[in-house]
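In what follows, a single structure is set out as structure tokens and then discussed.
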Amino acid sequence: MLFLIALLIFAAVSLGAFEVLRPKPDVLRRRIGVDGAVGPEEPRDRTAGSLLGRTLRPGFAQVGRLLARLLPTRWVRGVNRMLIMANEPWSLWGFLSAWALAVALGVVTVFYIASSGEGVSATQLFGISMLIIPFAVLIPYALLRNRVKKRQKAIVRALPDAMDLLVTSVEAGMGVDSAFALVVEKTEGPLSETFALYLRQIGLGRRREDALINVAERTGVDDLIAIAFAVNQGEELGTPLGDVLRFQAQELRTIRRQRAEAAAQRAPVLMTIPLALCFLPAMVAVVIVPSILNLVRFVGDLGS
């Protein structure tokens, strides 16, 4: 019972920290969007204006900066890179603060169980510690990594169709930026957000080549990065952009077909897992166990 209460407290405090550390919406980016208008459906950040958010946010930011200095630089850069690939759901300081809070809550929970649990043995306490502390250490990183994987998978799935629309628009006589704007208008999801960020950077005066490489590298998707480099190389060599995009779209279709074939080849291997866990025990219980019982009974009758 104490263990369940401790887990509920841990989850409640973690959710509260997430609400406090959630970044405020970027009003500037919203106002310089593709259509140049502020969307009426844009949700307002109530946490940013609340007393709790204004009070705790600076403290969490200071804790995050301190942890960034103490932790290994390579690990901090890796976390920052993952936050960028996840479209920055948190700031780096906020994530590090939430991670430290989760670890502290895990340690406090273990100490609370050890101090209040009279009938808890040392072995049970060690098992609870091995369950709670690694969970508290790894869960923020695991959630961030899961968000990155989902976003990258969504971009990979939407990229071939978006490239076909982009090729059709360019070959119909539209400009490059207008074609990207049309893709943003007709599609939705992480890829549409990526192209919208590219258009915003272009609107702010950044070079097209730099903006395209930047937004592609922010996603961490190899296919999109390869397309960005191919488009930039084609512009440098004077190759028509429609030909470059058509070739990249064909490559993406080929890669999608190869991935589908690889997934189909893995299907029989994956089917053996439910077969072994579900059908095989039932088959043993129905076919083999009665035969063994009959054999034991027959041997017993021979002995008597």
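Chain labels A, B, ... are given in the sequence in which chains occur in the structure tokens; within each chain residues are numbered consecutively from 1, and ligands are likewise numbered from 1 in the order shown.
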List as JSON, numbers by chain the protein and nucleic acid residues near Leu83 in chain A, meaning an atom at most 12 Å away when only C-alpha atoms are counted, but skip any in the same chain fewer than 3 places from it.
{"A": [76, 77, 78, 79, 80, 86, 87, 88, 89, 90, 91, 92, 93, 94, 95, 96, 140, 141, 143, 144, 145, 146, 147, 148, 149, 151, 218, 219, 220]}
Report, in Å to a single decimal, how far apart CA of Gly189 in chain A and CA of Gly175 in chain A are.
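Value for the CA of Gly175 in chain A-CA of Gly189 in chain A distance: 22.8 Å.
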Non-local contacts of range 122-124 of chain A (12 Å; only C-alpha atoms; under 6 positions in same chain excluded) as a list in words:
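Using only C-alpha atoms, the neighbours found are Phe3, Val110, Ile113, Ala114, Ser115, Met130 and Leu131 of chain A.
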Those residues you just picked out, can you put them in a file as a PDB file, in the first residue's frame with N, CA and C atoms?
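Output below, filename again.pdb:
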ATOM      1  N   PHE A   3       3.860   1.454  -1.098  1.00  0.00           N
ATOM      2  CA  PHE A   3       4.519   1.538  -2.395  1.00  0.00           C
ATOM      3  C   PHE A   3       3.605   2.192  -3.427  1.00  0.00           C
ATOM      4  N   VAL A 110      12.184   5.981  -1.870  1.00  0.00           N
ATOM      5  CA  VAL A 110      12.856   4.819  -1.276  1.00  0.00           C
ATOM      6  C   VAL A 110      13.108   5.053   0.212  1.00  0.00           C
ATOM      7  N   ILE A 113       9.816   4.722   2.142  1.00  0.00           N
ATOM      8  CA  ILE A 113       9.419   3.331   2.337  1.00  0.00           C
ATOM      9  C   ILE A 113      10.297   2.655   3.382  1.00  0.00           C
ATOM     10  N   ALA A 114      11.601   2.971   3.358  1.00  0.00           N
ATOM     11  CA  ALA A 114      12.505   2.358   4.332  1.00  0.00           C
ATOM     12  C   ALA A 114      12.220   2.830   5.752  1.00  0.00           C
ATOM     13  N   SER A 115      11.825   4.090   5.923  1.00  0.00           N
ATOM     14  CA  SER A 115      11.607   4.617   7.271  1.00  0.00           C
ATOM     15  C   SER A 115      10.240   4.285   7.825  1.00  0.00           C
ATOM     16  N   MET A 130      15.860  -1.028  -6.569  1.00  0.00           N
ATOM     17  CA  MET A 130      16.248  -1.355  -7.941  1.00  0.00           C
ATOM     18  C   MET A 130      15.110  -1.135  -8.930  1.00  0.00           C
ATOM     19  N   LEU A 131      13.881  -1.045  -8.431  1.00  0.00           N
ATOM     20  CA  LEU A 131      12.742  -0.788  -9.312  1.00  0.00           C
ATOM     21  C   LEU A 131      12.466   0.701  -9.455  1.00  0.00           C
TER      22      LEU A 131
END
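Of the residues listed (A:Phe229, A:Trp99, A:Phe111, A:Tyr198), A:Trp99 shows the shortest atom-to-atom separation from Ile139 in chain A; distances use only C-alpha atoms.
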I'd like the contact shell of range 238-249 of chain A - 8 Å cut-off, only C-alpha atoms, skipping same-chain residues fewer than 3 positions apart - returned as a PyMOL selection string.
chain A and resi 160+163-164+166-167+170-171+227+230-231+234-235+252-253
Would you return as a ChimeraX atom specification the members of range 88-252 of chain A that DSSP assigns to helix (DSSP H, G or I) on this structure's backbone?
/A:92-116,122-171,176-186,190-203,208-219,222-237,241-252
Give the answer as one residue: which of A:Val269, A:Ser97, A:Asp301, A:Arg81 has the shortest atom-to-atom distance to Pro58 in chain A, using only C-alpha atoms?
A:Ser97
So how many Å separate CA of Leu212 in chain A and CA of Val184 in chain A, to one decimal?
14.5 Å
Computed interatomic separation between CA of Val296 in chain A and CA of Met283 in chain A (Å):
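CA of Met283 in chain A lies at a distance of 19.4 Å from CA of Val296 in chain A.
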